[in-house]
Amino acid sequence: MTTMKEEGNYANRPSNTAFTQQRLPAWQPMLSAGVVIPGFLLIGLAFIGIGVGLLITSRSIQVLELDYTGTETSSPCYQCTMSNQSNCVCKLSFSIGTLFKGPVFFYYGLTNYFQNQRKYGVSKDFNQLIGDVSYFKSPSSDCQPYQRVNGKPIVPCGAIANSMFNDTFKLYQIINGKEELVPFDGKGIAWWTDYNIKYRNPDYTPLKNAFNDTEKPVFWTKPAYELDTSDASNNGFINQDFLVWMRRAALPNFRKLYRRITEGNYKDGLPAGNYSLEISYNYPVISFEGTKKVTFSNVSWMGGQNEFLGIAYLVIGSMCVVMSVVMLIVYAKFRFPEED
Amino acid sequence: MTWRSPLALLRDAVLSQKAREKELRSLVSNLPFEGLGKSKQPNRFFKPNAIKTNKYTPLFFIPMNLYEQFHRLANVYFVGLAILNFIPVVNAFQPEVALIPICVIMFLTALKDGWEDFRRYQSDKKLNNMPCLIYSRTAKHYIERRWKDVRVGDFVKVVCNETVPADLLLLHTSDPNNVCHIETSNLDGETNLKQRNALPGLCTSNDVFEPESFNCTVVCEKPNNNLNHFKCFVEKPDKEKTGAGIESLLLRGCTVRNTEHAIGFVVYAGHETKSMLNNNGPRYKRSKLERRLNVDVFFCVLLLFIMCLIGSLGHYLWLKNLSDVPSFLVSDSKGHLDSPSLSSFYMFFTMIILLQILIPISLYVSVELVKIGQIFFILTDVDLYDEETDSQVQCRSLNITEDLGQIEYIFSDKTGTLTENKMVFRRCSIMGKDYPHKENANRLALLEETESEENVIFSQSTLSSQASRYDEDSSPVDTHRHGSRHRSKMAVNRQSSMAFSSPLETQVIPDEKLLQQISRSERSSSGISDPYMDFFLALAICNSVVVSMATTQRQRVSSPSHSHKTNNPLESFSVLVKRTGSFWKVFDSPKQNGSSTSAHKRSDDANGVQPRALDTVTLSARPAAASGDVCYEAESPDEAALVYAAKTYGFTLLARTPNSVTVRVPSGEELVFEVLDTLAFDSNRKRMSVLVRHPITGEYVLYTKGADYAIMELLGTPYAEHLSGQQKKIAADTQYHLDCYAKDGLRTLCITKKIVSSREYQSWLADRKRALAAIDGREELMMASAVQLETELTLLGATGIEDRLQESVPDTITALREAGIKVWVLTGDKPETALNIGYACRLMEEGDLVINMSCKNKVTCVSILDCTLEEVRRYHEDPRNVDTTQKISLMIDGDTLAIALSPDLQDRFLDLAKRCRSVLCCRVTPLQKSRVVKLVRDKLKVMTLAVGDGANDVNMIQVADVGIGISGQEGMQAVMASDFAITRFKHLKKLLLVHGHWCHTRLANMIIYFFYKNAAYVNLLFWYQFYCGFSGTAMIDYWLMIFFNLFFTSTPPIMFGIMDKDVSAEMLMGVPELYRTGQGSGEYNFRTFWISMLDAFYQSLVCFFVPYLAYQGSDVDIFTFGTPLNTSSLFIILLHLGIEIKSWTVVHWIIMLGSVALYFIVTLAYSAICVTCNPPSNPYWILQNQMADPMFYLICIISTVVALLPRYTFYVLKNSIAPSPLIQAKHLDRMEPSVRDMWMKEWRSLRGGTEVKESRLSTPPSPTLETSVDFYPGFGDAASFVGEDMSLNVIGD
């Protein structure tokens, strides 16, 4: 009887739990000088360590950049910048003082080129690129204005494919006045997932048949199935250069991997000596004040050379250390009485 | 159904519209037309009784709900943006994807609306199908139908304990006196029984009412929502008109009690009933914070506009600088390129789409969720739960929780708010002679000590609570309309069952001398016209107390429909106790508590057995059992106290019917007074009268009681002129006594009598009848007729009733004052009573300067105001007073207030008032209360809170920014009008100081954080525009962007807004000064908003440019570049919140870590699954690739650290060098309780928190004022300067 009544009497009593009464055990960090000194010191020292490591690594990376835009008259490629020049070839000579440690990566670079332009980025047909032949006949309207030419569908359509970089390079080492070709390794320069999953060729043999009644992109000199005449498996949409180009650069000044130097005598790098780079100059950049360059670089765990990160870590690390000293002073002067 | 032409239908529609809008409606019985087609029905134009409160129908739910939702500007904005995305030239994303966020939000809202509407539909259905009895001509008796079948013009029979289905004009009841008792708790929460009278002169034969013979026309007014007024007359075929008012109307939703059955004529049905017209749905108030929020949303729009302008301008310049058409510039299908200006114009809109989340789409939804969570925590607070009434705090407004933390002015009612409103008869003065009732005072003092004993909760309250709960559980009633009703009903059931029944109120120890005096006069004049007899007869008769037998009352509470489960055992138990328990003594069993004690107590008073103290009383002459089970149901506790007092002296009110009052006089005789009329109390007249015919003398006697100032000016000849001359001083003596009573804080009433001559009565009666039958200006006429009679009164005496202060009121007021809140008390009481209470509740301190303003004309008022203002200003400017806080209190009475509130004086009045620490307004009307609140709120631009418990506080509660109702003894009107309802005044302390502070800081910080979060994230996109030719490219996959806002970073701020705790409740209660942080603009103001926006810009700069510089010149692709940005911004945003969170509970950890985990899981899964799912963006395997690269981690770490370092360092330095009070409090909080208390004391004295306890003012009175105003030392010596028509006295130091 009594219990029943008790219950009834307090039917509306809220439950008295730590949660409902907002009394859950809690960690209440106090942001005060005394507490944060060790934290600042620790972070500072760790950052300085990381910074030193990064800086050393970055310094150990060798980089050689050569501009071949040809805007200056002294440039060997100057004549190629003149209009109505087709199949223009220019040669760039340079020398390497010490051994350029391998494996050497060979990049081409563009500046002031906005691959990240929104409408440019949209301009491709994904279904074509995974090898769906039905989209060969009617490419997506995203590809406008590179959707059709002369009434025929363009494959691969769109501005990105159309604007594919088409300069080619050959590197010669000049040994005793004789030019010796430095072998380029063009395998696996694109992302593995691009080559194997995202881009597929239609299941046709020969590949050419899939492209019947289609047109190659207007800027292209060769159709997609003939991009690499030397390697049949490097054609169509899974051509390494094509894949590299299709992965749009994030920033307007960028470089893209062209080849690696991993073979033969050059396995350990480029030995000191004179070199000549034969460029077949096709890609126009002068019109938008862009530049073209090639870059030789070896890579470490942190990728290419970049001193910024190392310096940033060093600066912030030292700042934290300084801050911890400041905190110490503040703590001594202003500590709350109970912090004894 | 016969075919009807559309024209006829149209005509009918027009006619019915006309009929409904007419000022007067003529209704006739439906019975002669029974069975005829619809077009023949005379009352077909009026609404049927079926109700429909659901807004939607299944078919039209989607369009109607969309229409509703588009009333929100935010929704329109976001849908507009989504539509913008479908325009090819400006779109930034895949159009379909852009619709997702707004669709999700609108879908959730629609789901919620739909669910609520469905519950409304269900509860409507349940109501519409309730059974009721309608008379049928064919069946010749009442047959059971459904509520929805009831039509205007039907005759409905309601049996005991049944609910009235529609508004019925009462025609007949089973009661011999033709009255019917109803309980209106469903409507206004009042549970005392109200008496309704059947319309007289309609029944042909007395016993049975025959509906078929009803051939009158009922003319009534257009439906309105006033529950207390109804005007109608019934016109018989012979053109005789009988007026009827609210006293003959049974309202839909009431329950018939103590009456076997009642028959009524339906006048209003369904949505036209008064109860339905009163259903206005939940209140919607916009809090101060939300108003500020809208301003900042506007700033964000401005910011967005500027950013988009920069974007479009940048695009223009970028295009201009391109001399030729490069291969990355894509033209349209015809190879045509838009001109730079045109495409930059398009780009403006693209930018709006891209940067749209700068306007936080989910902010409004999040704020609502946070408020729901905050309300949950307020509701579940055990400290705000009142055991006595078993009720929690109620939150009736869902969206102003944070306003509780910003209150600057509190306007409080006195009676029932500061005091208990448990009226106790203390003393009286009869014929100018004071009877101090010393023993009675002692008894009260004793009772006060055994306060806990007074915990009177009866078995029936258990029942009713369970019953109501059961009721609530079984029917999924719509919370808007019924939930609150049920809740209030429960609360009141409980209160009323104990309200007037505790020994404290029911028992009075009589004054020996008065007893002797009565027995003397009884002997001498045999009770015919002795002033003492008259005095007590007036007490017993002149009221509206309903007498009910204990047994029947019990029956009414245990309504059979609800409580079969638990009813019986308890019922029988209590009956058993009642029968056997006549010898129980309350004070003999002090240790008993809980239910059994209460049951005993109830039986005590029910059986009239007096506790120990009453043993001395000589009234035991009458048999205890016979006087027995009388129970009084009073609308106001004053009346009950007076009736109980009269009973103590042997004048027992035995029965009250509309036409008679039965009183047992000390001689044991039962006198039946014929009641000729009752002039009910109203706040203008401030008195009530009952006109009776004395059964012995046959005289017409008018008994009037009322406030002394309302009575004194109506006095005519002193009582019994023939008595010796000194008796003429009665009025003066009584006035003196009244003043003494008031000084003791008692409520005073004057009791008068008037003998009306037969001729006078007849002429008055004619006027009265005219007034009653009038429809236009009826109130005025009624009032005039009342005033006409209430003249030339003869003073009998006065009573003093004590209303004790509620528990911890002084503490609460002191704490509120320390919290920087100014407390104003507005009361209808006399100035002396008010002043006394003011001191008792520490509204004023001994040593305060009290300015008493009371003047009767404007000129003096102006001069006093100017003079005082000047003095107060000077006092403030006095350099000696710089350190001491103001200690001036203002006291003003209703008449003066009316003058001071006039437009030309109000500024000066406010100037004075705001310099005063507390203001006491006495003798104010409800309207003045609300005017004062409105004036202060509008002119001083402060947050106001009004707290009150009675109907007279409703105006002010509604006007104030926050209205708080105290569910006390005076019904539920105040609670119904309030935003929050509490049970005790002391709960205000925790509600404001703790919950208010928390709710405010939480929500303020949450909103600031929300703005920051969106700005920081959107700016990443903005900075990227500088490197993509302002072309509107996003370097983060759009789906991930949506997820980022919708999932990864949405719950932490909501949790932060609900659960963060900057300082513990103990500290906030212990150091009320902490409340001041929230006042004024509070924590969310112009400065904090812009600082956080600047911080957002800084952080986004860091978050963008660290990866930018790290990847500069490399072969990084767009999404690979965006991934560390997205990841580090997640860490920055979450850790930023981590810096803001003041206390980490397990919930915080789970949600914060869960958000990070969710980010990685969802993003990894999305990058693994989505090969082509969202062309043209393809984040396939990007995060996986990045997570294999050490650079990714290094970049994320450094950007997070650099972004948060300034804020973190700033906080650390600020907390160390110049800690805010809140931080200091937090420090104290971490100490041992004993050490903490010590520190707290020291700290508070340092901060001047103990101002209340400081010694008196040091300023001597200014000589200039001595001519007009006196500053007197010492409390209590109130010196008044009473000029011809002015009185300004200053009680002071």
# chains A, B, ... in the order shown; residues from 1 in each chain; ligands from 1
$ closest_atom_pairs --of "chain A" --to "chain B" --cutoff "6 Å" --atoms "only C-alpha atoms" --output "JSON lines"
{"residue": "A:Gly8", "atom": "CA", "partner": "B:Thr462", "partner_atom": "CA", "distance": 5.2}
{"residue": "A:Asn9", "atom": "CA", "partner": "B:Thr462", "partner_atom": "CA", "distance": 5.7}
{"residue": "A:Tyr10", "atom": "CA", "partner": "B:Asp390", "partner_atom": "CA", "distance": 5.4}
{"residue": "A:Asn12", "atom": "CA", "partner": "B:Asp390", "partner_atom": "CA", "distance": 5.8}
{"residue": "A:Pro14", "atom": "CA", "partner": "B:Thr380", "partner_atom": "CA", "distance": 4.9}
{"residue": "A:Thr20", "atom": "CA", "partner": "B:Thr380", "partner_atom": "CA", "distance": 5.9}
{"residue": "A:Gln21", "atom": "CA", "partner": "B:Asp381", "partner_atom": "CA", "distance": 5.7}
{"residue": "A:Ala26", "atom": "CA", "partner": "B:Thr1145", "partner_atom": "CA", "distance": 4.3}
{"residue": "A:Trp27", "atom": "CA", "partner": "B:Trp1144", "partner_atom": "CA", "distance": 4.9}
{"residue": "A:Gln28", "atom": "CA", "partner": "B:Ser1143", "partner_atom": "CA", "distance": 4.3}
{"residue": "A:Leu31", "atom": "CA", "partner": "B:Val1212", "partner_atom": "CA", "distance": 4.9}
{"residue": "A:Ser32", "atom": "CA", "partner": "B:Val1212", "partner_atom": "CA", "distance": 4.7}
{"residue": "A:Ala33", "atom": "CA", "partner": "B:Val1212", "partner_atom": "CA", "distance": 5.7}
{"residue": "A:Asn116", "atom": "CA", "partner": "B:Cys1028", "partner_atom": "CA", "distance": 5.5}
{"residue": "A:Gln117", "atom": "CA", "partner": "B:Cys1028", "partner_atom": "CA", "distance": 5.6}
{"residue": "A:Arg118", "atom": "CA", "partner": "B:Thr1033", "partner_atom": "CA", "distance": 4.8}
{"residue": "A:Tyr120", "atom": "CA", "partner": "B:Phe328", "partner_atom": "CA", "distance": 5.8}
{"residue": "A:Val122", "atom": "CA", "partner": "B:Pro1176", "partner_atom": "CA", "distance": 5.6}
{"residue": "A:Gln144", "atom": "CA", "partner": "B:Ser333", "partner_atom": "CA", "distance": 5.1}
{"residue": "A:Pro145", "atom": "CA", "partner": "B:Ser333", "partner_atom": "CA", "distance": 4.2}
{"residue": "A:Ser163", "atom": "CA", "partner": "B:Ser327", "partner_atom": "CA", "distance": 5.7}
{"residue": "A:Arg248", "atom": "CA", "partner": "B:Asp1117", "partner_atom": "CA", "distance": 5.3}
{"residue": "A:Ala249", "atom": "CA", "partner": "B:Asp1117", "partner_atom": "CA", "distance": 4.2}
{"residue": "A:Ala250", "atom": "CA", "partner": "B:Ile1118", "partner_atom": "CA", "distance": 3.9}
{"residue": "A:Asn253", "atom": "CA", "partner": "B:Gly1113", "partner_atom": "CA", "distance": 5.7}
{"residue": "A:Phe254", "atom": "CA", "partner": "B:Gly1113", "partner_atom": "CA", "distance": 4.8}
{"residue": "A:Arg255", "atom": "CA", "partner": "B:Asp1115", "partner_atom": "CA", "distance": 5.0}
{"residue": "A:Lys256", "atom": "CA", "partner": "B:Asp1115", "partner_atom": "CA", "distance": 5.2}
{"residue": "A:Ser287", "atom": "CA", "partner": "B:Asp324", "partner_atom": "CA", "distance": 5.2}
{"residue": "A:Phe288", "atom": "CA", "partner": "B:Leu322", "partner_atom": "CA", "distance": 5.4}
{"residue": "A:Met302", "atom": "CA", "partner": "B:Met1191", "partner_atom": "CA", "distance": 5.9}
{"residue": "A:Leu309", "atom": "CA", "partner": "B:Ala1110", "partner_atom": "CA", "distance": 6.0}
{"residue": "A:Phe334", "atom": "CA", "partner": "B:Ile1217", "partner_atom": "CA", "distance": 5.7}
$ residues_around --residues "segment 310-327 of chain A" --least-positions-apart "3" --cutoff "8 Å" --atoms "only C-alpha atoms" --output "VMD selection string"
(chain A and resid 33 to 34 36 to 38 40 to 41 43 to 55 58 306 to 307 330 to 331) or (chain B and resid 1198 1202 1213)
$ residues_around --residues "segment 530-544 of chain B" --least-positions-apart "5" --cutoff "7 Å" --atoms "only C-alpha atoms" --output "list in words"
Ile430, Ile518, Ser521, Ser525, Ala634, Glu639, Leu642, Val643, Ala646, Phe651, Thr652, Leu653, Val661, Ser689, Val690, Tyr703, Thr704, Ile751, Leu796 and Gly797 of chain B
$ select_by_dssp --residues "segment 36-106 of chain A" --states "strand (DSSP E or B)" --output "VMD selection string"
chain A and resid 63 to 67 88 to 96 100 to 101 104 to 106
$ write_last_selection --atoms "all heavy atoms" --output "short mmCIF file (atom, residue, chain, number, x, y, z; two decimals), in the first residue's frame"
data_model
loop_
_atom_site.label_atom_id
_atom_site.label_comp_id
_atom_site.auth_asym_id
_atom_site.auth_seq_id
_atom_site.Cartn_x
_atom_site.Cartn_y
_atom_site.Cartn_z
N VAL A 63 67.24 18.63 -58.46
CA VAL A 63 66.23 19.08 -59.42
C VAL A 63 66.92 19.85 -60.53
O VAL A 63 67.81 20.66 -60.28
CB VAL A 63 65.18 19.99 -58.76
CG1 VAL A 63 64.18 20.49 -59.78
CG2 VAL A 63 64.47 19.27 -57.63
N LEU A 64 66.52 19.58 -61.76
CA LEU A 64 67.04 20.37 -62.88
C LEU A 64 65.86 20.80 -63.73
O LEU A 64 65.07 19.97 -64.20
CB LEU A 64 68.01 19.52 -63.72
CG LEU A 64 68.59 20.24 -64.94
CD1 LEU A 64 69.50 21.38 -64.55
CD2 LEU A 64 69.30 19.26 -65.84
N GLU A 65 65.69 22.09 -63.85
CA GLU A 65 64.55 22.60 -64.60
C GLU A 65 65.03 23.33 -65.83
O GLU A 65 65.96 24.13 -65.77
CB GLU A 65 63.76 23.59 -63.73
CG GLU A 65 62.50 22.99 -63.16
CD GLU A 65 61.69 24.02 -62.39
OE1 GLU A 65 61.75 25.22 -62.76
OE2 GLU A 65 61.03 23.61 -61.43
N LEU A 66 64.42 23.08 -66.96
CA LEU A 66 64.81 23.76 -68.19
C LEU A 66 63.57 24.31 -68.86
O LEU A 66 62.61 23.58 -69.14
CB LEU A 66 65.49 22.76 -69.14
CG LEU A 66 66.74 22.06 -68.60
CD1 LEU A 66 67.10 20.90 -69.49
CD2 LEU A 66 67.90 23.03 -68.49
N ASP A 67 63.60 25.62 -69.08
CA ASP A 67 62.47 26.25 -69.77
C ASP A 67 62.71 26.19 -71.26
O ASP A 67 63.79 26.50 -71.73
CB ASP A 67 62.36 27.71 -69.30
CG ASP A 67 61.08 28.35 -69.79
OD1 ASP A 67 60.94 28.48 -71.03
OD2 ASP A 67 60.22 28.69 -68.96
N CYS A 88 57.80 21.13 -85.77
CA CYS A 88 59.01 21.86 -85.44
C CYS A 88 59.79 21.09 -84.39
O CYS A 88 59.22 20.60 -83.41
CB CYS A 88 58.65 23.25 -84.94
SG CYS A 88 60.06 24.20 -84.39
N VAL A 89 61.05 20.94 -84.59
CA VAL A 89 61.90 20.26 -83.62
C VAL A 89 62.99 21.21 -83.18
O VAL A 89 63.58 21.90 -83.99
CB VAL A 89 62.52 18.99 -84.23
CG1 VAL A 89 63.52 18.36 -83.27
CG2 VAL A 89 61.44 18.00 -84.61
N CYS A 90 63.20 21.29 -81.86
CA CYS A 90 64.31 22.09 -81.38
C CYS A 90 65.11 21.29 -80.39
O CYS A 90 64.59 20.35 -79.77
CB CYS A 90 63.83 23.42 -80.79
SG CYS A 90 62.63 23.27 -79.47
N LYS A 91 66.36 21.65 -80.23
CA LYS A 91 67.24 20.90 -79.34
C LYS A 91 67.74 21.79 -78.24
O LYS A 91 68.14 22.91 -78.47
CB LYS A 91 68.42 20.34 -80.16
CG LYS A 91 68.06 19.08 -80.90
CD LYS A 91 69.29 18.32 -81.31
CE LYS A 91 68.89 16.97 -81.88
NZ LYS A 91 70.08 16.22 -82.30
N LEU A 92 67.70 21.23 -77.04
CA LEU A 92 68.09 21.98 -75.85
C LEU A 92 69.32 21.29 -75.29
O LEU A 92 69.29 20.09 -75.03
CB LEU A 92 66.94 21.92 -74.84
CG LEU A 92 66.73 23.07 -73.89
CD1 LEU A 92 66.41 24.34 -74.67
CD2 LEU A 92 65.58 22.73 -72.96
N SER A 93 70.42 22.04 -75.14
CA SER A 93 71.63 21.41 -74.61
C SER A 93 71.84 21.83 -73.18
O SER A 93 71.57 22.97 -72.80
CB SER A 93 72.86 21.84 -75.43
OG SER A 93 72.64 21.53 -76.77
N PHE A 94 72.29 20.91 -72.38
CA PHE A 94 72.61 21.24 -70.99
C PHE A 94 73.63 20.25 -70.49
O PHE A 94 73.86 19.20 -71.09
CB PHE A 94 71.36 21.21 -70.13
CG PHE A 94 70.67 19.88 -70.08
CD1 PHE A 94 70.89 19.00 -69.03
CD2 PHE A 94 69.81 19.48 -71.10
CE1 PHE A 94 70.27 17.78 -68.97
CE2 PHE A 94 69.17 18.25 -71.04
CZ PHE A 94 69.39 17.40 -69.99
N SER A 95 74.26 20.58 -69.35
CA SER A 95 75.25 19.67 -68.81
C SER A 95 74.98 19.46 -67.32
O SER A 95 74.41 20.30 -66.65
CB SER A 95 76.66 20.23 -69.02
OG SER A 95 76.77 21.45 -68.33
N ILE A 96 75.39 18.28 -66.89
CA ILE A 96 75.21 17.93 -65.49
C ILE A 96 76.57 17.79 -64.87
O ILE A 96 77.44 17.09 -65.41
CB ILE A 96 74.41 16.62 -65.36
CG1 ILE A 96 72.97 16.84 -65.86
CG2 ILE A 96 74.37 16.15 -63.92
CD1 ILE A 96 72.16 15.59 -65.94
N PHE A 100 73.53 12.64 -61.35
CA PHE A 100 72.14 12.91 -60.97
C PHE A 100 71.56 11.58 -60.57
O PHE A 100 71.28 10.72 -61.40
CB PHE A 100 71.42 13.49 -62.19
CG PHE A 100 70.25 14.34 -61.84
CD1 PHE A 100 70.33 15.72 -61.94
CD2 PHE A 100 69.06 13.77 -61.41
CE1 PHE A 100 69.27 16.51 -61.63
CE2 PHE A 100 67.99 14.56 -61.08
CZ PHE A 100 68.08 15.95 -61.19
N LYS A 101 71.39 11.41 -59.25
CA LYS A 101 71.07 10.07 -58.73
C LYS A 101 69.72 9.57 -59.25
O LYS A 101 68.77 10.31 -59.37
CB LYS A 101 71.05 10.10 -57.20
CG LYS A 101 72.39 9.71 -56.60
CD LYS A 101 72.27 9.61 -55.07
CE LYS A 101 73.33 10.44 -54.38
NZ LYS A 101 72.87 11.14 -53.22
N VAL A 104 65.75 8.75 -62.00
CA VAL A 104 65.46 10.14 -62.35
C VAL A 104 64.07 10.20 -62.98
O VAL A 104 63.72 9.37 -63.82
CB VAL A 104 66.52 10.67 -63.32
CG1 VAL A 104 66.17 12.10 -63.75
CG2 VAL A 104 67.88 10.65 -62.68
N PHE A 105 63.29 11.15 -62.52
CA PHE A 105 61.95 11.35 -63.09
C PHE A 105 62.03 12.52 -64.04
O PHE A 105 62.63 13.54 -63.75
CB PHE A 105 60.94 11.64 -61.98
CG PHE A 105 60.55 10.44 -61.17
CD1 PHE A 105 61.51 9.72 -60.46
CD2 PHE A 105 59.23 10.01 -61.11
CE1 PHE A 105 61.15 8.61 -59.71
CE2 PHE A 105 58.87 8.91 -60.37
CZ PHE A 105 59.82 8.20 -59.68
N PHE A 106 61.39 12.32 -65.16
CA PHE A 106 61.41 13.37 -66.18
C PHE A 106 60.00 13.92 -66.33
O PHE A 106 59.06 13.20 -66.65
CB PHE A 106 61.91 12.78 -67.50
CG PHE A 106 61.96 13.77 -68.62
CD1 PHE A 106 62.98 14.71 -68.69
CD2 PHE A 106 60.98 13.79 -69.61
CE1 PHE A 106 63.02 15.63 -69.72
CE2 PHE A 106 61.02 14.71 -70.63
CZ PHE A 106 62.05 15.63 -70.69
#
$ residues_around --residues "Leu1046 of chain B" --least-positions-apart "6" --cutoff "12 Å" --atoms "only C-alpha atoms" --output "ChimeraX atom specification"
/B:100-102,104-105,357,360-363,365-366,1014,1039-1040,1052-1053,1155,1158-1159
$ closest_residue --among "B:Met1240, B:Ala82, B:Cys395, B:Met972" --to "Thr184 of chain B" --atoms "only C-alpha atoms"
B:Met972
$ atom_distance --atom1 "atom CA of Ile130 of chain A" --atom2 "atom CA of Val149 of chain A"
21.6 Å
